[in-house]
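Okay, structure first, notes after.
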Amino acid sequence: MYAREIEGETYSFGVSGKLIRNVLVMYDRQTESYWSQLLGEAVSGPLTGTKLEFLPSWMMSWEQWQELHPNTLALDKGGRRGARDSYDGYYASDRAGVIGKTNDDERLYTKEFVIGVELENEAIAYPFSVLNEESTINDVVDGHALLVVFDADEGTGLVYDRNVDGQLLTFSRGSTEMSMVDEETGTVWDVISGEAKEGPLVGKQLERIKSTIVFWFGWVDFHPHTLIYGLD
């Protein structure tokens, strides 16, 4: 998810119908620049090189979202509900998108889902196969202290910075499914919001790090030198 405001002006976006390495390309209606969905960056046109501001979001089931936000509003586009997904066959196959792989890297299965993190000088992928066994990861990559949390039931996860006011924290899961505890202060944190709920650091907020849930072939096409957690 990205903000649509660029230097004080609000832009509107559409789907161009084009792909770059099997990843959707957007366009803005104000300048008709093309934007990579994965990078959040204009790759062609007057705004080339401009980056959109990353907005933290969490992919979850509608049921879980309603439990957290019972009065939420939802966009109804008038589509069919409960219909069979026409892409089921594609998801079940090992086909790498519409145009095939750009970078044939067999360290992971073509359609292994990963949480991808792009930092200043490194990129790293956290495979779902590893996260299923290790749902809370304290890692250091490219000088960044990362916390990766994963919900196997929902098939989703996110990434935080483990530094809070200059203090490096180490996390493990708490007594409830959506809580975690830092070893240094014993503070209890909410997994989804990253907010400290109980303990010495109550009210503090973990900073979200931009991450992407994506097929392995899509991630490695853009990041051919990516690290893989559990392998590198």
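Residues are named by chain letter and number: chains run A, B, ... in the order of the structure tokens, numbers start at 1 in each chain, and ligands are numbered from 1 in the order shown.
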- Item | Contacts of range 154-171 of chain A at 7 Å (only C-alpha atoms; same-chain gap of 6+ positions) as a PyMOL selection string | chain A and resi 59-61+138+145-148+180-184+206-209+211
- Task: Would you mind writing down, as a PyMOL selection string, each residue of range 35-207 of chain A that DSSP on the backbone assigns to strand (DSSP E)?
- Result: chain A and resi 35-36+41-44+113-118+123-127+136-141+144-151+156-161+163-164+167-168+171-173+179-182+188-190+196-198
Just write the chosen residues, N, CA and C atoms, as a short mmCIF file (atom, residue, chain, number, x, y, z; two decimals), in the first residue's frame.
```
data_model
loop_
_atom_site.label_atom_id
_atom_site.label_comp_id
_atom_site.auth_asym_id
_atom_site.auth_seq_id
_atom_site.Cartn_x
_atom_site.Cartn_y
_atom_site.Cartn_z
N TRP A 35 4.50 3.09 -13.16
CA TRP A 35 5.00 2.80 -11.81
C TRP A 35 5.04 1.29 -11.59
N SER A 36 6.12 0.80 -11.00
CA SER A 36 6.20 -0.60 -10.61
C SER A 36 5.48 -0.80 -9.29
N GLU A 41 7.79 2.75 -7.37
CA GLU A 41 8.63 3.77 -7.99
C GLU A 41 8.24 3.96 -9.45
N ALA A 42 8.29 5.22 -9.91
CA ALA A 42 8.03 5.51 -11.32
C ALA A 42 9.22 5.04 -12.15
N VAL A 43 8.94 4.23 -13.17
CA VAL A 43 10.01 3.64 -13.98
C VAL A 43 10.04 4.20 -15.40
N SER A 44 9.05 5.01 -15.75
CA SER A 44 9.01 5.61 -17.08
C SER A 44 8.12 6.84 -17.03
N PHE A 113 6.04 -18.93 -1.53
CA PHE A 113 5.75 -17.58 -1.05
C PHE A 113 6.87 -17.13 -0.12
N VAL A 114 7.25 -15.87 -0.24
CA VAL A 114 8.26 -15.30 0.64
C VAL A 114 7.79 -13.93 1.11
N ILE A 115 8.30 -13.51 2.26
CA ILE A 115 8.21 -12.11 2.66
C ILE A 115 9.52 -11.47 2.24
N GLY A 116 9.44 -10.55 1.29
CA GLY A 116 10.63 -9.90 0.77
C GLY A 116 10.86 -8.55 1.42
N VAL A 117 12.11 -8.27 1.78
CA VAL A 117 12.48 -6.99 2.40
C VAL A 117 13.64 -6.41 1.61
N GLU A 118 13.47 -5.18 1.13
CA GLU A 118 14.51 -4.49 0.39
C GLU A 118 15.08 -3.39 1.27
N ALA A 123 18.87 -7.20 -0.09
CA ALA A 123 17.49 -7.67 -0.10
C ALA A 123 17.49 -9.06 0.51
N ILE A 124 16.42 -9.39 1.23
CA ILE A 124 16.34 -10.70 1.86
C ILE A 124 14.92 -11.25 1.73
N ALA A 125 14.83 -12.55 1.54
CA ALA A 125 13.55 -13.23 1.43
C ALA A 125 13.39 -14.19 2.61
N TYR A 126 12.22 -14.16 3.23
CA TYR A 126 11.89 -15.07 4.32
C TYR A 126 10.84 -16.06 3.80
N PRO A 127 11.24 -17.30 3.50
CA PRO A 127 10.30 -18.27 2.90
C PRO A 127 9.21 -18.68 3.88
N THR A 136 8.45 -16.17 14.69
CA THR A 136 9.00 -14.91 15.18
C THR A 136 10.51 -14.94 14.98
N ILE A 137 11.01 -14.05 14.14
CA ILE A 137 12.44 -14.07 13.79
C ILE A 137 13.07 -12.73 14.16
N ASN A 138 14.13 -12.80 14.96
CA ASN A 138 14.96 -11.64 15.26
C ASN A 138 16.19 -11.72 14.38
N ASP A 139 16.35 -10.78 13.48
CA ASP A 139 17.40 -10.87 12.48
C ASP A 139 18.14 -9.53 12.38
N VAL A 140 19.35 -9.58 11.81
CA VAL A 140 20.11 -8.37 11.50
C VAL A 140 20.58 -8.49 10.07
N VAL A 141 20.16 -7.54 9.22
CA VAL A 141 20.51 -7.56 7.80
C VAL A 141 20.93 -6.15 7.39
N HIS A 144 20.49 -3.47 9.80
CA HIS A 144 19.15 -3.23 10.30
C HIS A 144 18.73 -4.40 11.19
N ALA A 145 18.24 -4.08 12.38
CA ALA A 145 17.72 -5.11 13.29
C ALA A 145 16.24 -5.33 12.99
N LEU A 146 15.92 -6.47 12.39
CA LEU A 146 14.58 -6.74 11.91
C LEU A 146 13.85 -7.73 12.81
N LEU A 147 12.56 -7.53 12.94
CA LEU A 147 11.66 -8.48 13.58
C LEU A 147 10.65 -8.91 12.54
N VAL A 148 10.60 -10.21 12.24
CA VAL A 148 9.64 -10.76 11.28
C VAL A 148 8.64 -11.60 12.07
N VAL A 149 7.36 -11.28 11.94
CA VAL A 149 6.31 -12.05 12.62
C VAL A 149 5.38 -12.64 11.56
N PHE A 150 4.91 -13.84 11.80
CA PHE A 150 4.16 -14.59 10.80
C PHE A 150 2.97 -15.27 11.44
N ASP A 151 1.85 -15.26 10.74
CA ASP A 151 0.63 -15.94 11.16
C ASP A 151 0.36 -17.05 10.15
N THR A 156 0.18 -14.94 6.40
CA THR A 156 0.64 -13.57 6.20
C THR A 156 1.61 -13.17 7.30
N GLY A 157 2.37 -12.12 7.05
CA GLY A 157 3.33 -11.66 8.03
C GLY A 157 3.78 -10.25 7.73
N LEU A 158 4.54 -9.68 8.65
CA LEU A 158 5.05 -8.33 8.47
C LEU A 158 6.39 -8.18 9.18
N VAL A 159 7.01 -7.01 9.00
CA VAL A 159 8.37 -6.79 9.47
C VAL A 159 8.45 -5.47 10.23
N TYR A 160 9.14 -5.50 11.37
CA TYR A 160 9.34 -4.31 12.19
C TYR A 160 10.83 -4.06 12.39
N ASP A 161 11.15 -2.82 12.79
CA ASP A 161 12.47 -2.46 13.30
C ASP A 161 12.48 -2.79 14.79
N ASN A 163 14.57 -1.70 17.04
CA ASN A 163 15.09 -0.61 17.87
C ASN A 163 13.95 0.28 18.35
N VAL A 164 13.93 0.54 19.65
CA VAL A 164 12.94 1.45 20.23
C VAL A 164 13.68 2.45 21.10
N GLN A 167 17.18 1.50 21.99
CA GLN A 167 17.35 0.21 22.67
C GLN A 167 17.00 -0.93 21.72
N LEU A 168 17.91 -1.89 21.60
CA LEU A 168 17.67 -3.05 20.74
C LEU A 168 16.92 -4.11 21.53
N PHE A 171 12.54 -10.33 20.58
CA PHE A 171 11.14 -10.69 20.78
C PHE A 171 10.89 -12.19 20.70
N SER A 172 9.85 -12.60 21.44
CA SER A 172 9.29 -13.95 21.31
C SER A 172 7.78 -13.81 21.44
N ARG A 173 7.05 -14.84 21.03
CA ARG A 173 5.59 -14.77 21.11
C ARG A 173 5.14 -14.78 22.56
N SER A 179 0.08 -11.63 20.52
CA SER A 179 0.95 -10.82 21.38
C SER A 179 2.37 -11.33 21.30
N MET A 180 3.32 -10.47 21.65
CA MET A 180 4.73 -10.84 21.73
C MET A 180 5.35 -10.07 22.89
N VAL A 181 6.48 -10.58 23.37
CA VAL A 181 7.15 -10.02 24.55
C VAL A 181 8.60 -9.78 24.22
N ASP A 182 9.13 -8.62 24.66
CA ASP A 182 10.57 -8.42 24.47
C ASP A 182 11.32 -8.89 25.71
N VAL A 188 4.77 -6.31 26.85
CA VAL A 188 3.90 -7.08 25.96
C VAL A 188 3.48 -6.17 24.80
N TRP A 189 3.65 -6.68 23.57
CA TRP A 189 3.39 -5.91 22.36
C TRP A 189 2.31 -6.59 21.53
N ASP A 190 1.53 -5.79 20.82
CA ASP A 190 0.53 -6.32 19.89
C ASP A 190 1.20 -6.64 18.56
N ALA A 196 3.12 -1.25 22.14
CA ALA A 196 3.33 -1.83 23.47
C ALA A 196 2.07 -1.65 24.29
N LYS A 197 1.53 -2.77 24.81
CA LYS A 197 0.25 -2.75 25.51
C LYS A 197 0.39 -2.83 27.03
N GLU A 198 1.43 -3.53 27.50
CA GLU A 198 1.61 -3.69 28.94
C GLU A 198 3.10 -3.67 29.24
#
```
- Message: Let's see if you can do this: from backbone DSSP, list all helix (DSSP H, G or I) residues in range 6-227 of chain A, as an NGL selection string.
- Response: :A and (62-68 or 88-92 or 128-131 or 216-222)
- For each of A:Phe54, A:Phe128, A:Tyr2, A:Phe217, take the minimum atom-to-atom distance to Val23 in chain A, counting only C-alpha atoms, then give the residue where this is smallest.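 Nearest to Val23 in chain A: A:Phe217.
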- Message: I need the residue nearest Leu119 in chain A from this list: A:Lys51, A:Ser135, A:Thr226, A:Gln30. Use only C-alpha atoms for the distance.
- Response: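 Looking at the shortest contact to Leu119 in chain A, the residue is A:Thr226.
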- Query: Between CA of Leu38 in chain A and CA of Val214 in chain A, what is the distance, to one decimal in Å?
  - Reply: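 Between CA of Leu38 in chain A and CA of Val214 in chain A the gap works out to 9.1 Å.
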- Option closest in space to Gly203 in chain A, from A:Thr187, A:Ser175, A:Asp105, A:Glu32 [counting only C-alpha atoms]: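 Nearest candidate to Gly203 in chain A out of A:Thr187, A:Ser175, A:Asp105, A:Glu32: A:Thr187.
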